[in-house]
Amino acid sequence: MAELTVRIGGDDIALLRRVLGAHGAGAGPAAPHRVVVDAHLAPRKAEIVQLAQVAGIPMLIDPQTYYLQDYQHPGDSWAALPYAEAAIATPADLLNPTRVDQVVATCVEFQLQHGASAILAPYVHIESATDGWLQVQLALWAATHRYLAAQQIHVPVIAVVAMGWRLLHRPTWPAVIEPLATGVEALGVQEIALAASKVDQGAHPAQRLADYLATMHRLARIAPVTAWQQGVLGDVSVAGGAAGYETGIGRRERCDLRVAMTNRRTAPDPNAPRGPRGVFIRQLNRSVPKRTVVAISTDRRLMARVICPDPGCCPMGRESLLGDARTHALISRKTSLLQQQRISRPSWGWNRLAAHADEALDLAARLAATRQRNPAITRIDIGALMATKAVADHHRQALRHRKAA
Ligand SMILES: [Zn+2]
């Protein structure tokens with residue numbers, strides 16, 4: 001069954017309590033299949049772990065070891081973790097055997113200590129075949145394998161394969177994907193999390209998405225692959241063979257680890273407002289700022305396409321959508337995932353995605369036209385929709401040809 005893994009923030013605890021039924025009510029329809037938290041939250045927000053454990057839902061701690069590849073402000077919460085370092089590390093630094101072993105041991109123990117139900121092996125973001133980070137990743141996996149064996153730790157292991165979109169392209173596979181696949185195989189994993197940055201961006205997102213799905217297929221020969229940090233590409237990834245996908249709620253729906261790395265360079269400001277959280281629009285398969293939904297409230301035809309069509313999720317329409325956008329996002333994403341996976345014939349699955357993408361592109365165009373009169377409406381990035389449409393069309397045509405042949 002395809003699974004929805006949801007990244008829980010420090011401000012999602014009350015929500016988690018509600019959807020996981022912490023008071024004996026049992027997990028409700030909005031309960032994710034699995035939760036993941038950023039490592040720096042695990043010690044400070046222990047209730048997230050407790051709630052998941054009581055509800056019997058797997059819980060992961062993302063060590064975010066790719067932050068080692070950039071510098072952080074010394075006061076940064078990630079930099080204070082036992083395996084972290086505020087100073088930037090070079091591949092040479094991390095290829096030092098003592099350092100690799102130290103990062104692996106402290107990173108694995110940290111996750112176990114804070115209640116993770118599986119270990120995410122330490123990982124780095126690879127953007128080139130030749131800059132040394134590929135070798136660092138292989139060294140980290142080899143050291144993880146050694147450490148788990150030596151300590152007789154028998155917890156499931158997940159390998160995060162994190163890379164820039166360029167390396168998804170098939171001609172670069174012999175230099176990057178194949179050595180990584182060998183490394184993952186030697187590590188012995190229960191699952192692979194494929195975190196590819198900027199798949200939905202650029203002039204040719206359809207090509208990037210096709211490359212992403214092809215890479216996923218290659219890695220799925222080793223273990224089931226979860227589309228990591230791919231909220232805007234979740235359903236299409238599952239149609240393409242992913243075992244599920246991971247996303248934040250109303251934010252962190254896209255993977256861009258390079259940008260994430262540079263966000264921690266400045267001093268943390270405890271009084272700074274949290275990043276804005278969007279409202280998930282099922283038809284667009286992404287979240288938009290709340291003010292966009294408010295701005296079109298008077299346009300009844302447009303509003304009818306933006307509000308949630310599921311009376312079981314949003315019985316009061318607009319009020320429910322804006323009143324509890326996070327629960328709506330969880331139910332909506334789960335429902336869509338279930339629908340996608342219930343389709344038994346691949347051609348119907350691609351048809352559904354192509355039809356959805358058509359409707360979504362039309363809605364995005366209408367929102368863009370309305371934006372001319374009402375600047376409160378934000379621009380909708382249509383890269384993921386265009387890519388989904390193109391990939392779905394390609395697959396259903398290929399299936400038709402195969403049938404005809
Ligand atoms: Zn809803």
# chains A, B, ... in the order shown; residues from 1 in each chain; ligands from 1

call {"tool": "residues_near_ligand", "arguments": {"ligand": "ligand 1", "cutoff": "10 Å", "atoms": "only C-alpha atoms and all ligand atoms", "output": "list in words"}}
result
Val279, Phe280, Ile281, Arg282, Ile307, Cys308, Pro309, Asp310, Pro311, Gly312, Cys313, Cys314, Pro315, Met316, Gly317, Arg318, Ser320, Leu321, Leu322, Asp324, Ala325, Arg326, Thr327, His328, Ala329, Leu330, Ile331, Ser332 and Arg333 of chain A

call {"tool": "write_last_selection", "arguments": {"atoms": "N, CA, C and O atoms", "output": "tab-separated table (two decimals), in the first residue's frame"}}
result
chain	number	residue	atom	x	y	z
A	279	VAL	N	-2.48	26.79	1.97
A	279	VAL	CA	-3.69	25.98	2.01
A	279	VAL	C	-3.60	25.00	0.85
A	279	VAL	O	-3.43	25.42	-0.31
A	280	PHE	N	-3.73	23.71	1.14
A	280	PHE	CA	-3.59	22.71	0.09
A	280	PHE	C	-4.83	22.74	-0.81
A	280	PHE	O	-5.96	22.64	-0.34
A	281	ILE	N	-4.60	22.90	-2.11
A	281	ILE	CA	-5.70	22.90	-3.08
A	281	ILE	C	-5.61	21.58	-3.84
A	281	ILE	O	-4.66	21.34	-4.59
A	282	ARG	N	-6.59	20.75	-3.63
A	282	ARG	CA	-6.50	19.40	-4.18
A	282	ARG	C	-6.36	19.43	-5.70
A	282	ARG	O	-5.58	18.69	-6.28
A	307	ILE	N	-12.30	25.18	-3.56
A	307	ILE	CA	-12.66	24.56	-2.28
A	307	ILE	C	-12.63	23.04	-2.40
A	307	ILE	O	-12.65	22.47	-3.48
A	308	CYS	N	-12.59	22.40	-1.25
A	308	CYS	CA	-12.45	20.95	-1.19
A	308	CYS	C	-13.79	20.30	-1.55
A	308	CYS	O	-14.81	20.61	-0.97
A	309	PRO	N	-13.79	19.38	-2.51
A	309	PRO	CA	-15.05	18.77	-2.96
A	309	PRO	C	-15.55	17.64	-2.04
A	309	PRO	O	-16.63	17.10	-2.27
A	310	ASP	N	-14.77	17.31	-1.03
A	310	ASP	CA	-15.09	16.15	-0.20
A	310	ASP	C	-15.87	16.59	1.05
A	310	ASP	O	-15.29	17.18	1.97
A	311	PRO	N	-17.18	16.28	1.12
A	311	PRO	CA	-17.96	16.71	2.28
A	311	PRO	C	-17.51	16.03	3.57
A	311	PRO	O	-17.70	16.58	4.66
A	312	GLY	N	-16.87	14.87	3.43
A	312	GLY	CA	-16.37	14.21	4.63
A	312	GLY	C	-15.14	14.91	5.19
A	312	GLY	O	-14.82	14.80	6.37
A	313	CYS	N	-14.46	15.67	4.34
A	313	CYS	CA	-13.24	16.38	4.76
A	313	CYS	C	-13.57	17.82	5.14
A	313	CYS	O	-13.24	18.27	6.22
A	314	CYS	N	-14.25	18.53	4.25
A	314	CYS	CA	-14.57	19.94	4.48
A	314	CYS	C	-16.08	20.15	4.35
A	314	CYS	O	-16.54	20.66	3.31
A	315	PRO	N	-16.87	19.75	5.38
A	315	PRO	CA	-18.33	19.83	5.27
A	315	PRO	C	-18.85	21.26	5.09
A	315	PRO	O	-19.91	21.46	4.49
A	316	MET	N	-18.09	22.25	5.59
A	316	MET	CA	-18.54	23.64	5.48
A	316	MET	C	-17.86	24.39	4.34
A	316	MET	O	-17.81	25.61	4.34
A	317	GLY	N	-17.33	23.63	3.38
A	317	GLY	CA	-16.72	24.28	2.22
A	317	GLY	C	-15.58	25.20	2.60
A	317	GLY	O	-14.62	24.79	3.26
A	318	ARG	N	-15.69	26.46	2.19
A	318	ARG	CA	-14.62	27.43	2.38
A	318	ARG	C	-14.23	27.58	3.85
A	318	ARG	O	-13.05	27.66	4.19
A	320	SER	N	-14.45	25.41	6.29
A	320	SER	CA	-13.66	24.26	6.76
A	320	SER	C	-12.24	24.32	6.19
A	320	SER	O	-11.27	24.09	6.90
A	321	LEU	N	-12.17	24.67	4.91
A	321	LEU	CA	-10.86	24.71	4.23
A	321	LEU	C	-9.93	25.70	4.92
A	321	LEU	O	-8.77	25.39	5.20
A	322	LEU	N	-10.44	26.90	5.18
A	322	LEU	CA	-9.59	27.92	5.78
A	322	LEU	C	-9.48	27.73	7.30
A	322	LEU	O	-8.49	28.13	7.90
A	324	ASP	N	-9.40	24.79	9.09
A	324	ASP	CA	-8.47	23.73	9.49
A	324	ASP	C	-7.77	23.19	8.25
A	324	ASP	O	-7.97	22.05	7.83
A	325	ALA	N	-6.93	24.06	7.68
A	325	ALA	CA	-6.27	23.73	6.41
A	325	ALA	C	-5.34	22.53	6.54
A	325	ALA	O	-5.15	21.78	5.59
A	326	ARG	N	-4.78	22.33	7.73
A	326	ARG	CA	-3.81	21.24	7.86
A	326	ARG	C	-4.49	19.87	7.85
A	326	ARG	O	-4.02	18.94	7.20
A	327	THR	N	-5.61	19.74	8.61
A	327	THR	CA	-6.33	18.47	8.60
A	327	THR	C	-6.82	18.18	7.19
A	327	THR	O	-6.76	17.05	6.69
A	328	HIS	N	-7.32	19.23	6.53
A	328	HIS	CA	-7.77	19.09	5.14
A	328	HIS	C	-6.64	18.57	4.24
A	328	HIS	O	-6.84	17.68	3.42
A	329	ALA	N	-5.44	19.15	4.41
A	329	ALA	CA	-4.30	18.73	3.58
A	329	ALA	C	-4.02	17.24	3.78
A	329	ALA	O	-3.78	16.51	2.81
A	330	LEU	N	-4.06	16.81	5.02
A	330	LEU	CA	-3.76	15.40	5.32
A	330	LEU	C	-4.81	14.47	4.71
A	330	LEU	O	-4.48	13.48	4.06
A	331	ILE	N	-6.10	14.81	4.92
A	331	ILE	CA	-7.17	13.94	4.38
A	331	ILE	C	-7.12	13.94	2.86
A	331	ILE	O	-7.21	12.89	2.21
A	332	SER	N	-6.97	15.12	2.29
A	332	SER	CA	-6.95	15.24	0.82
A	332	SER	C	-5.83	14.43	0.19
A	332	SER	O	-6.03	13.72	-0.79
A	333	ARG	N	-4.65	14.57	0.77
A	333	ARG	CA	-3.49	13.85	0.21
A	333	ARG	C	-3.68	12.34	0.35
A	333	ARG	O	-3.38	11.58	-0.58

call {"tool": "residues_around", "arguments": {"residues": "Ala42 in chain A", "least_positions_apart": "4", "cutoff": "12 Å", "atoms": "only C-alpha atoms", "output": "PyMOL selection string"}}
result
chain A and resi 8-10+35-38+46-50+59-63+77-78+81+110-116

call {"tool": "select_by_dssp", "arguments": {"residues": "range 85-243 of chain A", "states": "helix (DSSP H, G or I)", "output": "MDAnalysis selection string"}}
result
chainID A and resid 91:94 97:113 133:150 165:168 170:172 177:187 205:220 231:239

call {"tool": "residues_around", "arguments": {"residues": "range 146-159 of chain A", "least_positions_apart": "3", "cutoff": "6 Å", "atoms": "only C-alpha atoms", "output": "number ranges by chain"}}
result
A: 118-121, 143, 189-192

call {"tool": "residues_around", "arguments": {"residues": "range 350-357 of chain A", "least_positions_apart": "3", "cutoff": "12 Å", "atoms": "only C-alpha atoms", "output": "VMD selection string"}}
result
chain A and resid 232 to 241 282 to 286 336 to 337 339 to 347 360 to 364 382 to 400

call {"tool": "atom_distance", "arguments": {"atom1": "CA of Gln69 in chain A", "atom2": "CA of Ile88 in chain A"}}
result
5.7 Å

call {"tool": "select_by_dssp", "arguments": {"residues": "range 36-69 of chain A", "states": "strand (DSSP E or B)", "output": "list in words"}}
result
Val36, Val37, Asp38, Met59, Leu60, Ile61 and Asp62 of chain A

call {"tool": "write_last_selection", "arguments": {"atoms": "all heavy atoms", "output": "PDB file, in the first residue's frame"}}
result
ATOM      1  N   VAL A  36       7.797  12.074  10.005  1.00  0.00           N
ATOM      2  CA  VAL A  36       9.240  12.323  10.060  1.00  0.00           C
ATOM      3  C   VAL A  36       9.436  13.714  10.670  1.00  0.00           C
ATOM      4  O   VAL A  36       8.627  14.614  10.436  1.00  0.00           O
ATOM      5  CB  VAL A  36       9.895  12.209   8.655  1.00  0.00           C
ATOM      6  CG1 VAL A  36       9.274  13.151   7.641  1.00  0.00           C
ATOM      7  CG2 VAL A  36      11.403  12.449   8.722  1.00  0.00           C
ATOM      8  N   VAL A  37      10.479  13.841  11.494  1.00  0.00           N
ATOM      9  CA  VAL A  37      10.798  15.163  12.050  1.00  0.00           C
ATOM     10  C   VAL A  37      12.244  15.504  11.738  1.00  0.00           C
ATOM     11  O   VAL A  37      13.104  14.613  11.626  1.00  0.00           O
ATOM     12  CB  VAL A  37      10.603  15.241  13.591  1.00  0.00           C
ATOM     13  CG1 VAL A  37       9.146  15.198  13.962  1.00  0.00           C
ATOM     14  CG2 VAL A  37      11.392  14.171  14.317  1.00  0.00           C
ATOM     15  N   ASP A  38      12.509  16.800  11.629  1.00  0.00           N
ATOM     16  CA  ASP A  38      13.887  17.261  11.497  1.00  0.00           C
ATOM     17  C   ASP A  38      14.608  16.915  12.809  1.00  0.00           C
ATOM     18  O   ASP A  38      14.035  17.079  13.895  1.00  0.00           O
ATOM     19  CB  ASP A  38      13.932  18.779  11.304  1.00  0.00           C
ATOM     20  CG  ASP A  38      13.307  19.198   9.977  1.00  0.00           C
ATOM     21  OD1 ASP A  38      13.072  18.327   9.124  1.00  0.00           O
ATOM     22  OD2 ASP A  38      13.056  20.419   9.813  1.00  0.00           O
ATOM     23  N   MET A  59       7.918   6.339  13.084  1.00  0.00           N
ATOM     24  CA  MET A  59       8.422   7.701  13.209  1.00  0.00           C
ATOM     25  C   MET A  59       9.889   7.731  12.808  1.00  0.00           C
ATOM     26  O   MET A  59      10.681   6.907  13.261  1.00  0.00           O
ATOM     27  CB  MET A  59       8.284   8.129  14.664  1.00  0.00           C
ATOM     28  CG  MET A  59       8.105   9.601  14.901  1.00  0.00           C
ATOM     29  SD  MET A  59       9.612  10.555  15.047  1.00  0.00           S
ATOM     30  CE  MET A  59      10.574   9.546  16.123  1.00  0.00           C
ATOM     31  N   LEU A  60      10.215   8.663  11.920  1.00  0.00           N
ATOM     32  CA  LEU A  60      11.599   8.794  11.460  1.00  0.00           C
ATOM     33  C   LEU A  60      12.175  10.120  11.939  1.00  0.00           C
ATOM     34  O   LEU A  60      11.441  11.098  12.103  1.00  0.00           O
ATOM     35  CB  LEU A  60      11.647   8.760   9.927  1.00  0.00           C
ATOM     36  CG  LEU A  60      11.027   7.547   9.236  1.00  0.00           C
ATOM     37  CD1 LEU A  60      11.059   7.738   7.720  1.00  0.00           C
ATOM     38  CD2 LEU A  60      11.750   6.266   9.647  1.00  0.00           C
ATOM     39  N   ILE A  61      13.482  10.127  12.141  1.00  0.00           N
ATOM     40  CA  ILE A  61      14.184  11.369  12.470  1.00  0.00           C
ATOM     41  C   ILE A  61      15.149  11.636  11.326  1.00  0.00           C
ATOM     42  O   ILE A  61      16.055  10.833  11.075  1.00  0.00           O
ATOM     43  CB  ILE A  61      14.936  11.234  13.805  1.00  0.00           C
ATOM     44  CG1 ILE A  61      13.930  11.030  14.954  1.00  0.00           C
ATOM     45  CG2 ILE A  61      15.800  12.461  14.061  1.00  0.00           C
ATOM     46  CD1 ILE A  61      14.557  10.692  16.285  1.00  0.00           C
ATOM     47  N   ASP A  62      14.933  12.738  10.631  1.00  0.00           N
ATOM     48  CA  ASP A  62      15.794  13.063   9.485  1.00  0.00           C
ATOM     49  C   ASP A  62      17.060  13.739  10.004  1.00  0.00           C
ATOM     50  O   ASP A  62      16.997  14.869  10.496  1.00  0.00           O
ATOM     51  CB  ASP A  62      15.029  13.990   8.526  1.00  0.00           C
ATOM     52  CG  ASP A  62      15.809  14.251   7.242  1.00  0.00           C
ATOM     53  OD1 ASP A  62      17.013  13.950   7.196  1.00  0.00           O
ATOM     54  OD2 ASP A  62      15.195  14.769   6.278  1.00  0.00           O
TER      55      ASP A  62
END

call {"tool": "residues_around", "arguments": {"residues": "Gln102 in chain A", "least_positions_apart": "3", "cutoff": "12 Å", "atoms": "only C-alpha atoms", "output": "PyMOL selection string"}}
result
chain A and resi 82-85+94-99+105-110+122+140+143-144+147

call {"tool": "closest_residue", "arguments": {"among": "A:Val136, A:Tyr212, A:Gly183, A:Asp131", "to": "Asp101 in chain A", "atoms": "only C-alpha atoms"}}
result
A:Val136

call {"tool": "residues_around", "arguments": {"residues": "Ala243 in chain A", "least_positions_apart": "5", "cutoff": "6 Å", "atoms": "only C-alpha atoms", "output": "list in words"}}
result
Ala2, Pro224, Val225 and Thr226 of chain A

call {"tool": "atom_distance", "arguments": {"atom1": "CA of Pro58 in chain A", "atom2": "CA of Arg34 in chain A"}}
result
5.0 Å

call {"tool": "atom_distance", "arguments": {"atom1": "CA of Arg252 in chain A", "atom2": "CA of Asp269 in chain A"}}
result
20.0 Å

call {"tool": "closest_residue", "arguments": {"among": "A:Leu180, A:Ile13, A:Ala223, A:Met163", "to": "Leu194 in chain A", "atoms": "only C-alpha atoms"}}
result
A:Met163

call {"tool": "closest_residue", "arguments": {"among": "A:Leu51, A:Ala405, A:Ala92, A:Leu257", "to": "Thr65 in chain A", "atoms": "only C-alpha atoms"}}
result
A:Leu257

call {"tool": "decode", "arguments": {"residues": "range 145-157 of chain A", "atoms": "N, CA, C and O atoms", "output": "JSON list (two decimals), in the first residue's frame"}}
result
[["chain", "number", "residue", "atom", "x", "y", "z"],
["A", 145, "HIS", "N", 27.05, 0.53, 7.72],
["A", 145, "HIS", "CA", 26.94, -0.94, 7.70],
["A", 145, "HIS", "C", 27.85, -1.56, 8.78],
["A", 145, "HIS", "O", 27.41, -2.43, 9.55],
["A", 146, "ARG", "N", 29.08, -1.08, 8.84],
["A", 146, "ARG", "CA", 30.04, -1.60, 9.83],
["A", 146, "ARG", "C", 29.55, -1.35, 11.26],
["A", 146, "ARG", "O", 29.57, -2.23, 12.11],
["A", 147, "TYR", "N", 29.06, -0.13, 11.48],
["A", 147, "TYR", "CA", 28.64, 0.24, 12.83],
["A", 147, "TYR", "C", 27.45, -0.59, 13.30],
["A", 147, "TYR", "O", 27.43, -1.11, 14.41],
["A", 148, "LEU", "N", 26.45, -0.75, 12.43],
["A", 148, "LEU", "CA", 25.25, -1.51, 12.81],
["A", 148, "LEU", "C", 25.61, -2.96, 13.10],
["A", 148, "LEU", "O", 25.09, -3.56, 14.04],
["A", 149, "ALA", "N", 26.52, -3.50, 12.29],
["A", 149, "ALA", "CA", 26.93, -4.89, 12.49],
["A", 149, "ALA", "C", 27.70, -5.04, 13.80],
["A", 149, "ALA", "O", 27.43, -5.93, 14.60],
["A", 150, "ALA", "N", 28.64, -4.11, 14.02],
["A", 150, "ALA", "CA", 29.48, -4.19, 15.23],
["A", 150, "ALA", "C", 28.65, -4.04, 16.50],
["A", 150, "ALA", "O", 28.90, -4.70, 17.50],
["A", 151, "GLN", "N", 27.66, -3.16, 16.44],
["A", 151, "GLN", "CA", 26.83, -2.90, 17.63],
["A", 151, "GLN", "C", 25.62, -3.83, 17.70],
["A", 151, "GLN", "O", 24.81, -3.72, 18.61],
["A", 152, "GLN", "N", 25.50, -4.70, 16.70],
["A", 152, "GLN", "CA", 24.35, -5.62, 16.61],
["A", 152, "GLN", "C", 23.02, -4.88, 16.73],
["A", 152, "GLN", "O", 22.15, -5.23, 17.52],
["A", 153, "ILE", "N", 22.91, -3.82, 15.94],
["A", 153, "ILE", "CA", 21.67, -3.04, 15.90],
["A", 153, "ILE", "C", 20.82, -3.60, 14.76],
["A", 153, "ILE", "O", 21.27, -3.63, 13.61],
["A", 154, "HIS", "N", 19.62, -4.04, 15.10],
["A", 154, "HIS", "CA", 18.78, -4.68, 14.07],
["A", 154, "HIS", "C", 17.53, -3.86, 13.78],
["A", 154, "HIS", "O", 16.42, -4.37, 13.81],
["A", 155, "VAL", "N", 17.72, -2.60, 13.55],
["A", 155, "VAL", "CA", 16.61, -1.70, 13.23],
["A", 155, "VAL", "C", 16.58, -1.55, 11.71],
["A", 155, "VAL", "O", 17.64, -1.54, 11.07],
["A", 156, "PRO", "N", 15.39, -1.46, 11.09],
["A", 156, "PRO", "CA", 15.37, -1.24, 9.64],
["A", 156, "PRO", "C", 16.17, 0.01, 9.24],
["A", 156, "PRO", "O", 16.17, 1.00, 9.98],
["A", 157, "VAL", "N", 16.82, -0.08, 8.10],
["A", 157, "VAL", "CA", 17.65, 1.04, 7.63],
["A", 157, "VAL", "C", 17.07, 1.59, 6.33],
["A", 157, "VAL", "O", 16.64, 0.83, 5.45]]
